[in-house]
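Asks: This one is run28.pdb, PDB, N, CA and C atoms.
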ATOM      1  N   MET J   1     -26.226  10.290  -4.031  1.00  0.00           N
ATOM      2  CA  MET J   1     -24.939  10.009  -3.435  1.00  0.00           C
ATOM      3  C   MET J   1     -25.122   8.949  -2.351  1.00  0.00           C
ATOM      4  N   ALA J   2     -24.242   7.975  -2.332  1.00  0.00           N
ATOM      5  CA  ALA J   2     -24.303   6.911  -1.341  1.00  0.00           C
ATOM      6  C   ALA J   2     -23.910   7.444   0.033  1.00  0.00           C
ATOM      7  N   ALA J   3     -24.426   6.782   1.075  1.00  0.00           N
ATOM      8  CA  ALA J   3     -24.073   7.175   2.443  1.00  0.00           C
ATOM      9  C   ALA J   3     -22.604   6.881   2.708  1.00  0.00           C
ATOM     10  N   LYS J   4     -21.982   7.741   3.485  1.00  0.00           N
ATOM     11  CA  LYS J   4     -20.575   7.526   3.825  1.00  0.00           C
ATOM     12  C   LYS J   4     -20.477   6.451   4.900  1.00  0.00           C
ATOM     13  N   ASP J   5     -19.436   5.639   4.815  1.00  0.00           N
ATOM     14  CA  ASP J   5     -19.180   4.590   5.786  1.00  0.00           C
ATOM     15  C   ASP J   5     -18.920   5.204   7.154  1.00  0.00           C
ATOM     16  N   LYS J   6     -19.165   4.422   8.186  1.00  0.00           N
ATOM     17  CA  LYS J   6     -18.983   4.860   9.575  1.00  0.00           C
ATOM     18  C   LYS J   6     -17.580   5.429   9.828  1.00  0.00           C
ATOM     19  N   PHE J   7     -16.555   4.887   9.181  1.00  0.00           N
ATOM     20  CA  PHE J   7     -15.176   5.286   9.430  1.00  0.00           C
ATOM     21  C   PHE J   7     -14.603   6.216   8.359  1.00  0.00           C
ATOM     22  N   HIS J   8     -15.448   6.781   7.525  1.00  0.00           N
ATOM     23  CA  HIS J   8     -15.005   7.623   6.414  1.00  0.00           C
ATOM     24  C   HIS J   8     -14.104   8.766   6.895  1.00  0.00           C
ATOM     25  N   ALA J   9     -14.570   9.516   7.877  1.00  0.00           N
ATOM     26  CA  ALA J   9     -13.805  10.677   8.351  1.00  0.00           C
ATOM     27  C   ALA J   9     -12.467  10.258   8.950  1.00  0.00           C
ATOM     28  N   VAL J  10     -12.451   9.154   9.674  1.00  0.00           N
ATOM     29  CA  VAL J  10     -11.215   8.673  10.310  1.00  0.00           C
ATOM     30  C   VAL J  10     -10.189   8.281   9.252  1.00  0.00           C
ATOM     31  N   VAL J  11     -10.636   7.596   8.200  1.00  0.00           N
ATOM     32  CA  VAL J  11      -9.722   7.188   7.128  1.00  0.00           C
ATOM     33  C   VAL J  11      -9.197   8.420   6.398  1.00  0.00           C
ATOM     34  N   ARG J  12     -10.070   9.376   6.151  1.00  0.00           N
ATOM     35  CA  ARG J  12      -9.635  10.606   5.473  1.00  0.00           C
ATOM     36  C   ARG J  12      -8.557  11.328   6.287  1.00  0.00           C
ATOM     37  N   ILE J  13      -8.776  11.472   7.577  1.00  0.00           N
ATOM     38  CA  ILE J  13      -7.796  12.137   8.453  1.00  0.00           C
ATOM     39  C   ILE J  13      -6.471  11.381   8.461  1.00  0.00           C
ATOM     40  N   ALA J  14      -6.540  10.053   8.521  1.00  0.00           N
ATOM     41  CA  ALA J  14      -5.314   9.245   8.518  1.00  0.00           C
ATOM     42  C   ALA J  14      -4.531   9.437   7.220  1.00  0.00           C
ATOM     43  N   LEU J  15      -5.222   9.466   6.090  1.00  0.00           N
ATOM     44  CA  LEU J  15      -4.546   9.693   4.814  1.00  0.00           C
ATOM     45  C   LEU J  15      -3.892  11.074   4.777  1.00  0.00           C
ATOM     46  N   GLU J  16      -4.601  12.075   5.253  1.00  0.00           N
ATOM     47  CA  GLU J  16      -4.054  13.434   5.259  1.00  0.00           C
ATOM     48  C   GLU J  16      -2.824  13.525   6.168  1.00  0.00           C
ATOM     49  N   LYS J  17      -2.842  12.814   7.287  1.00  0.00           N
ATOM     50  CA  LYS J  17      -1.679  12.807   8.184  1.00  0.00           C
ATOM     51  C   LYS J  17      -0.459  12.161   7.533  1.00  0.00           C
ATOM     52  N   GLU J  18      -0.698  11.269   6.577  1.00  0.00           N
ATOM     53  CA  GLU J  18       0.390  10.609   5.846  1.00  0.00           C
ATOM     54  C   GLU J  18       0.760  11.365   4.570  1.00  0.00           C
ATOM     55  N   GLN J  19       0.376  12.634   4.506  1.00  0.00           N
ATOM     56  CA  GLN J  19       0.729  13.541   3.419  1.00  0.00           C
ATOM     57  C   GLN J  19      -0.007  13.254   2.105  1.00  0.00           C
ATOM     58  N   TRP J  20      -1.150  12.563   2.148  1.00  0.00           N
ATOM     59  CA  TRP J  20      -1.963  12.375   0.955  1.00  0.00           C
ATOM     60  C   TRP J  20      -2.876  13.587   0.817  1.00  0.00           C
ATOM     61  N   LYS J  21      -3.018  14.091  -0.395  1.00  0.00           N
ATOM     62  CA  LYS J  21      -3.933  15.191  -0.697  1.00  0.00           C
ATOM     63  C   LYS J  21      -5.222  14.560  -1.216  1.00  0.00           C
ATOM     64  N   ILE J  22      -6.322  14.794  -0.525  1.00  0.00           N
ATOM     65  CA  ILE J  22      -7.611  14.260  -0.959  1.00  0.00           C
ATOM     66  C   ILE J  22      -8.074  15.095  -2.152  1.00  0.00           C
ATOM     67  N   THR J  23      -8.214  14.449  -3.290  1.00  0.00           N
ATOM     68  CA  THR J  23      -8.591  15.144  -4.519  1.00  0.00           C
ATOM     69  C   THR J  23     -10.077  15.001  -4.839  1.00  0.00           C
ATOM     70  N   ASP J  24     -10.687  13.928  -4.356  1.00  0.00           N
ATOM     71  CA  ASP J  24     -12.101  13.670  -4.641  1.00  0.00           C
ATOM     72  C   ASP J  24     -12.743  13.000  -3.434  1.00  0.00           C
ATOM     73  N   ASP J  25     -13.940  13.463  -3.070  1.00  0.00           N
ATOM     74  CA  ASP J  25     -14.679  12.869  -1.944  1.00  0.00           C
ATOM     75  C   ASP J  25     -16.167  12.982  -2.228  1.00  0.00           C
ATOM     76  N   PRO J  26     -16.713  12.053  -3.012  1.00  0.00           N
ATOM     77  CA  PRO J  26     -16.164  10.798  -3.536  1.00  0.00           C
ATOM     78  C   PRO J  26     -15.507  10.981  -4.904  1.00  0.00           C
ATOM     79  N   LEU J  27     -14.772   9.954  -5.308  1.00  0.00           N
ATOM     80  CA  LEU J  27     -14.173   9.888  -6.641  1.00  0.00           C
ATOM     81  C   LEU J  27     -15.224   9.294  -7.575  1.00  0.00           C
ATOM     82  N   ARG J  28     -15.658  10.084  -8.559  1.00  0.00           N
ATOM     83  CA  ARG J  28     -16.684   9.612  -9.506  1.00  0.00           C
ATOM     84  C   ARG J  28     -16.032   9.261 -10.833  1.00  0.00           C
ATOM     85  N   LEU J  29     -16.361   8.074 -11.331  1.00  0.00           N
ATOM     86  CA  LEU J  29     -15.845   7.591 -12.617  1.00  0.00           C
ATOM     87  C   LEU J  29     -17.004   7.102 -13.457  1.00  0.00           C
ATOM     88  N   GLU J  30     -16.850   7.194 -14.764  1.00  0.00           N
ATOM     89  CA  GLU J  30     -17.803   6.565 -15.671  1.00  0.00           C
ATOM     90  C   GLU J  30     -16.999   5.791 -16.697  1.00  0.00           C
ATOM     91  N   VAL J  31     -17.264   4.489 -16.764  1.00  0.00           N
ATOM     92  CA  VAL J  31     -16.548   3.607 -17.679  1.00  0.00           C
ATOM     93  C   VAL J  31     -17.584   2.771 -18.427  1.00  0.00           C
ATOM     94  N   GLY J  32     -17.577   2.881 -19.736  1.00  0.00           N
ATOM     95  CA  GLY J  32     -18.492   2.085 -20.542  1.00  0.00           C
ATOM     96  C   GLY J  32     -19.949   2.308 -20.197  1.00  0.00           C
ATOM     97  N   GLY J  33     -20.299   3.529 -19.823  1.00  0.00           N
ATOM     98  CA  GLY J  33     -21.687   3.838 -19.492  1.00  0.00           C
ATOM     99  C   GLY J  33     -22.070   3.491 -18.061  1.00  0.00           C
ATOM    100  N   THR J  34     -21.155   2.890 -17.298  1.00  0.00           N
ATOM    101  CA  THR J  34     -21.426   2.547 -15.906  1.00  0.00           C
ATOM    102  C   THR J  34     -20.777   3.586 -15.006  1.00  0.00           C
ATOM    103  N   LYS J  35     -21.556   4.107 -14.059  1.00  0.00           N
ATOM    104  CA  LYS J  35     -21.043   5.132 -13.136  1.00  0.00           C
ATOM    105  C   LYS J  35     -20.589   4.457 -11.840  1.00  0.00           C
ATOM    106  N   PHE J  36     -19.411   4.876 -11.360  1.00  0.00           N
ATOM    107  CA  PHE J  36     -18.852   4.364 -10.118  1.00  0.00           C
ATOM    108  C   PHE J  36     -18.636   5.526  -9.165  1.00  0.00           C
ATOM    109  N   GLU J  37     -18.815   5.282  -7.867  1.00  0.00           N
ATOM    110  CA  GLU J  37     -18.499   6.251  -6.831  1.00  0.00           C
ATOM    111  C   GLU J  37     -17.611   5.561  -5.810  1.00  0.00           C
ATOM    112  N   ILE J  38     -16.329   5.890  -5.827  1.00  0.00           N
ATOM    113  CA  ILE J  38     -15.373   5.343  -4.872  1.00  0.00           C
ATOM    114  C   ILE J  38     -15.226   6.377  -3.764  1.00  0.00           C
ATOM    115  N   ASP J  39     -15.119   5.923  -2.513  1.00  0.00           N
ATOM    116  CA  ASP J  39     -15.187   6.829  -1.374  1.00  0.00           C
ATOM    117  C   ASP J  39     -14.219   8.006  -1.445  1.00  0.00           C
ATOM    118  N   LEU J  40     -12.955   7.752  -1.742  1.00  0.00           N
ATOM    119  CA  LEU J  40     -11.958   8.827  -1.758  1.00  0.00           C
ATOM    120  C   LEU J  40     -10.993   8.657  -2.913  1.00  0.00           C
ATOM    121  N   GLY J  41     -10.569   9.763  -3.480  1.00  0.00           N
ATOM    122  CA  GLY J  41      -9.454   9.792  -4.416  1.00  0.00           C
ATOM    123  C   GLY J  41      -8.371  10.634  -3.773  1.00  0.00           C
ATOM    124  N   ALA J  42      -7.124  10.217  -3.873  1.00  0.00           N
ATOM    125  CA  ALA J  42      -6.037  10.967  -3.235  1.00  0.00           C
ATOM    126  C   ALA J  42      -4.779  10.853  -4.070  1.00  0.00           C
ATOM    127  N   GLU J  43      -3.896  11.812  -3.880  1.00  0.00           N
ATOM    128  CA  GLU J  43      -2.601  11.757  -4.554  1.00  0.00           C
ATOM    129  C   GLU J  43      -1.526  12.194  -3.579  1.00  0.00           C
ATOM    130  N   GLN J  44      -0.337  11.704  -3.813  1.00  0.00           N
ATOM    131  CA  GLN J  44       0.804  12.049  -2.980  1.00  0.00           C
ATOM    132  C   GLN J  44       1.968  12.394  -3.889  1.00  0.00           C
ATOM    133  N   LEU J  45       2.511  13.568  -3.713  1.00  0.00           N
ATOM    134  CA  LEU J  45       3.667  13.966  -4.502  1.00  0.00           C
ATOM    135  C   LEU J  45       4.912  13.300  -3.949  1.00  0.00           C
ATOM    136  N   LEU J  46       5.684  12.718  -4.832  1.00  0.00           N
ATOM    137  CA  LEU J  46       6.925  12.057  -4.450  1.00  0.00           C
ATOM    138  C   LEU J  46       8.094  12.834  -5.041  1.00  0.00           C
ATOM    139  N   ALA J  47       9.274  12.290  -4.904  1.00  0.00           N
ATOM    140  CA  ALA J  47      10.448  12.924  -5.499  1.00  0.00           C
ATOM    141  C   ALA J  47      10.204  13.118  -6.989  1.00  0.00           C
ATOM    142  N   ALA J  48      10.747  14.186  -7.548  1.00  0.00           N
ATOM    143  CA  ALA J  48      10.483  14.552  -8.934  1.00  0.00           C
ATOM    144  C   ALA J  48      10.761  13.418  -9.897  1.00  0.00           C
ATOM    145  N   GLU J  49      11.782  12.632  -9.649  1.00  0.00           N
ATOM    146  CA  GLU J  49      12.113  11.565 -10.582  1.00  0.00           C
ATOM    147  C   GLU J  49      11.137  10.387 -10.527  1.00  0.00           C
ATOM    148  N   ARG J  50      10.288  10.375  -9.518  1.00  0.00           N
ATOM    149  CA  ARG J  50       9.320   9.290  -9.398  1.00  0.00           C
ATOM    150  C   ARG J  50       7.918   9.704  -9.817  1.00  0.00           C
ATOM    151  N   GLY J  51       7.682  10.985  -9.991  1.00  0.00           N
ATOM    152  CA  GLY J  51       6.367  11.439 -10.433  1.00  0.00           C
ATOM    153  C   GLY J  51       5.347  11.444  -9.307  1.00  0.00           C
ATOM    154  N   GLU J  52       4.096  11.156  -9.640  1.00  0.00           N
ATOM    155  CA  GLU J  52       3.001  11.189  -8.675  1.00  0.00           C
ATOM    156  C   GLU J  52       2.403   9.800  -8.502  1.00  0.00           C
ATOM    157  N   GLN J  53       1.962   9.521  -7.293  1.00  0.00           N
ATOM    158  CA  GLN J  53       1.174   8.323  -7.034  1.00  0.00           C
ATOM    159  C   GLN J  53      -0.256   8.770  -6.787  1.00  0.00           C
ATOM    160  N   LYS J  54      -1.207   8.005  -7.272  1.00  0.00           N
ATOM    161  CA  LYS J  54      -2.612   8.289  -7.007  1.00  0.00           C
ATOM    162  C   LYS J  54      -3.268   7.014  -6.512  1.00  0.00           C
ATOM    163  N   ILE J  55      -4.220   7.168  -5.586  1.00  0.00           N
ATOM    164  CA  ILE J  55      -4.937   6.020  -5.055  1.00  0.00           C
ATOM    165  C   ILE J  55      -6.428   6.304  -5.044  1.00  0.00           C
ATOM    166  N   ALA J  56      -7.196   5.252  -5.055  1.00  0.00           N
ATOM    167  CA  ALA J  56      -8.632   5.320  -4.815  1.00  0.00           C
ATOM    168  C   ALA J  56      -8.887   4.450  -3.593  1.00  0.00           C
ATOM    169  N   VAL J  57      -9.646   4.963  -2.635  1.00  0.00           N
ATOM    170  CA  VAL J  57      -9.856   4.276  -1.369  1.00  0.00           C
ATOM    171  C   VAL J  57     -11.341   4.013  -1.195  1.00  0.00           C
ATOM    172  N   GLU J  58     -11.710   2.756  -1.020  1.00  0.00           N
ATOM    173  CA  GLU J  58     -13.076   2.377  -0.706  1.00  0.00           C
ATOM    174  C   GLU J  58     -13.081   1.923   0.746  1.00  0.00           C
ATOM    175  N   ILE J  59     -13.954   2.498   1.543  1.00  0.00           N
ATOM    176  CA  ILE J  59     -13.985   2.240   2.978  1.00  0.00           C
ATOM    177  C   ILE J  59     -15.166   1.318   3.273  1.00  0.00           C
ATOM    178  N   LYS J  60     -14.897   0.237   3.965  1.00  0.00           N
ATOM    179  CA  LYS J  60     -15.941  -0.738   4.264  1.00  0.00           C
ATOM    180  C   LYS J  60     -15.896  -1.142   5.725  1.00  0.00           C
ATOM    181  N   THR J  61     -17.075  -1.327   6.310  1.00  0.00           N
ATOM    182  CA  THR J  61     -17.196  -1.969   7.613  1.00  0.00           C
ATOM    183  C   THR J  61     -18.029  -3.231   7.412  1.00  0.00           C
ATOM    184  N   PHE J  62     -17.817  -4.187   8.254  1.00  0.00           N
ATOM    185  CA  PHE J  62     -18.531  -5.454   8.180  1.00  0.00           C
ATOM    186  C   PHE J  62     -19.355  -5.584   9.463  1.00  0.00           C
ATOM    187  N   LEU J  63     -20.434  -4.815   9.548  1.00  0.00           N
ATOM    188  CA  LEU J  63     -21.197  -4.717  10.783  1.00  0.00           C
ATOM    189  C   LEU J  63     -22.588  -5.341  10.708  1.00  0.00           C
ATOM    190  N   SER J  64     -22.952  -5.916   9.577  1.00  0.00           N
ATOM    191  CA  SER J  64     -24.293  -6.495   9.470  1.00  0.00           C
ATOM    192  C   SER J  64     -24.341  -7.843  10.192  1.00  0.00           C
ATOM    193  N   ASP J  65     -25.502  -8.451  10.177  1.00  0.00           N
ATOM    194  CA  ASP J  65     -25.649  -9.767  10.803  1.00  0.00           C
ATOM    195  C   ASP J  65     -24.835 -10.835  10.101  1.00  0.00           C
ATOM    196  N   SER J  66     -24.456 -10.588   8.853  1.00  0.00           N
ATOM    197  CA  SER J  66     -23.691 -11.562   8.085  1.00  0.00           C
ATOM    198  C   SER J  66     -22.413 -10.927   7.534  1.00  0.00           C
ATOM    199  N   PRO J  67     -21.309 -11.036   8.274  1.00  0.00           N
ATOM    200  CA  PRO J  67     -20.047 -10.492   7.763  1.00  0.00           C
ATOM    201  C   PRO J  67     -19.635 -11.128   6.433  1.00  0.00           C
ATOM    202  N   LEU J  68     -20.024 -12.376   6.198  1.00  0.00           N
ATOM    203  CA  LEU J  68     -19.684 -13.034   4.942  1.00  0.00           C
ATOM    204  C   LEU J  68     -20.395 -12.354   3.768  1.00  0.00           C
ATOM    205  N   THR J  69     -21.644 -11.970   3.976  1.00  0.00           N
ATOM    206  CA  THR J  69     -22.369 -11.237   2.935  1.00  0.00           C
ATOM    207  C   THR J  69     -21.717  -9.884   2.693  1.00  0.00           C
ATOM    208  N   ASP J  70     -21.315  -9.201   3.770  1.00  0.00           N
ATOM    209  CA  ASP J  70     -20.603  -7.923   3.626  1.00  0.00           C
ATOM    210  C   ASP J  70     -19.312  -8.119   2.844  1.00  0.00           C
ATOM    211  N   TYR J  71     -18.592  -9.196   3.146  1.00  0.00           N
ATOM    212  CA  TYR J  71     -17.337  -9.487   2.449  1.00  0.00           C
ATOM    213  C   TYR J  71     -17.576  -9.693   0.960  1.00  0.00           C
ATOM    214  N   HIS J  72     -18.588 -10.485   0.618  1.00  0.00           N
ATOM    215  CA  HIS J  72     -18.867 -10.748  -0.795  1.00  0.00           C
ATOM    216  C   HIS J  72     -19.266  -9.472  -1.531  1.00  0.00           C
ATOM    217  N   ALA J  73     -20.032  -8.613  -0.875  1.00  0.00           N
ATOM    218  CA  ALA J  73     -20.407  -7.331  -1.497  1.00  0.00           C
ATOM    219  C   ALA J  73     -19.160  -6.466  -1.721  1.00  0.00           C
ATOM    220  N   ALA J  74     -18.274  -6.423  -0.729  1.00  0.00           N
ATOM    221  CA  ALA J  74     -17.049  -5.626  -0.856  1.00  0.00           C
ATOM    222  C   ALA J  74     -16.140  -6.192  -1.940  1.00  0.00           C
ATOM    223  N   LEU J  75     -16.027  -7.501  -2.002  1.00  0.00           N
ATOM    224  CA  LEU J  75     -15.194  -8.138  -3.022  1.00  0.00           C
ATOM    225  C   LEU J  75     -15.730  -7.835  -4.424  1.00  0.00           C
ATOM    226  N   GLY J  76     -17.035  -7.927  -4.587  1.00  0.00           N
ATOM    227  CA  GLY J  76     -17.634  -7.608  -5.884  1.00  0.00           C
ATOM    228  C   GLY J  76     -17.370  -6.164  -6.282  1.00  0.00           C
ATOM    229  N   GLN J  77     -17.481  -5.257  -5.317  1.00  0.00           N
ATOM    230  CA  GLN J  77     -17.199  -3.850  -5.600  1.00  0.00           C
ATOM    231  C   GLN J  77     -15.737  -3.669  -5.992  1.00  0.00           C
ATOM    232  N   PHE J  78     -14.839  -4.318  -5.249  1.00  0.00           N
ATOM    233  CA  PHE J  78     -13.408  -4.231  -5.559  1.00  0.00           C
ATOM    234  C   PHE J  78     -13.127  -4.709  -6.977  1.00  0.00           C
ATOM    235  N   LEU J  79     -13.700  -5.829  -7.366  1.00  0.00           N
ATOM    236  CA  LEU J  79     -13.452  -6.368  -8.703  1.00  0.00           C
ATOM    237  C   LEU J  79     -13.961  -5.415  -9.788  1.00  0.00           C
ATOM    238  N   ASN J  80     -15.122  -4.821  -9.560  1.00  0.00           N
ATOM    239  CA  ASN J  80     -15.648  -3.847 -10.521  1.00  0.00           C
ATOM    240  C   ASN J  80     -14.747  -2.619 -10.613  1.00  0.00           C
ATOM    241  N   TYR J  81     -14.310  -2.109  -9.470  1.00  0.00           N
ATOM    242  CA  TYR J  81     -13.433  -0.918  -9.464  1.00  0.00           C
ATOM    243  C   TYR J  81     -12.101  -1.223 -10.122  1.00  0.00           C
ATOM    244  N   ARG J  82     -11.567  -2.405  -9.865  1.00  0.00           N
ATOM    245  CA  ARG J  82     -10.277  -2.779 -10.453  1.00  0.00           C
ATOM    246  C   ARG J  82     -10.376  -2.770 -11.980  1.00  0.00           C
ATOM    247  N   LEU J  83     -11.457  -3.299 -12.510  1.00  0.00           N
ATOM    248  CA  LEU J  83     -11.654  -3.285 -13.968  1.00  0.00           C
ATOM    249  C   LEU J  83     -11.788  -1.851 -14.484  1.00  0.00           C
ATOM    250  N   ALA J  84     -12.508  -1.029 -13.750  1.00  0.00           N
ATOM    251  CA  ALA J  84     -12.746   0.344 -14.188  1.00  0.00           C
ATOM    252  C   ALA J  84     -11.471   1.174 -14.156  1.00  0.00           C
ATOM    253  N   LEU J  85     -10.647   0.946 -13.150  1.00  0.00           N
ATOM    254  CA  LEU J  85      -9.426   1.758 -13.020  1.00  0.00           C
ATOM    255  C   LEU J  85      -8.338   1.246 -13.926  1.00  0.00           C
TER
END
Represent the structure of the file as C-alpha cells.

Replies:
Amino acid sequence: MAAKDKFHAVVRIALEKEQWKITDDPLRLEVGGTKFEIDLGAEQLLAAERGEQKIAVEIKTFLSDSPLTDYHAALGQFLNYRLAL
C-alpha cells in the first residue's frame, strides 16, 4: 500500500463535512491487468430523480525540491486514472 499524502486526513474530513460518504480508502481498481490505487472513493446521495454521484479523489502535495517534477508525476497519474475510470 502506498503512503498516504500529508493532507489525506484533512481532505477526508472535508469531504465528510460536505455529506460525502467515504466508500473506499484507498479505492482499488484493476483495468486491463493494471492495478490502480486512488486515495479515496466517495459517494453522495442526491435527490431521487438525480440518482447517485460518485467521485475518486487523489490527494497530492508539491513539496519536493522540484514542484514541476511533482506536477508532471501528478498529471501522469491523473491521465492514467481518467483512462481507467

Asks: Hey, what comes out of the PyMOL selection byres ((chain J and resi 27) around 7) on this file? Could you write it as an NGL selection string?

Replies: :J and (23-26 or 28-29 or 36-41)

Asks: Using only C-alpha atoms, which residue out of J:Gly76, J:Leu15, J:Gly33, J:Thr69 lies closest to J:Ala56?

Replies: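 The answer is J:Leu15, which sits nearest to J:Ala56.
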
Asks: So how many Å separate atom C of J:Lys17 and atom N of J:Ala42, to one decimal?

Replies: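 The value is 13.4 Å.
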
Asks: Just want the 8 Å neighbourhood of J:His8, counted on all atoms listed in the file, with same-chain residues fewer than 3 positions away dropped. Output as a list of chain:residue names.

Replies: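 Returned residues: J:Lys4, J:Asp5, J:Val11, J:Arg12, J:Ile13, J:Ala14, J:Asp39, J:Ile59, J:Lys60.
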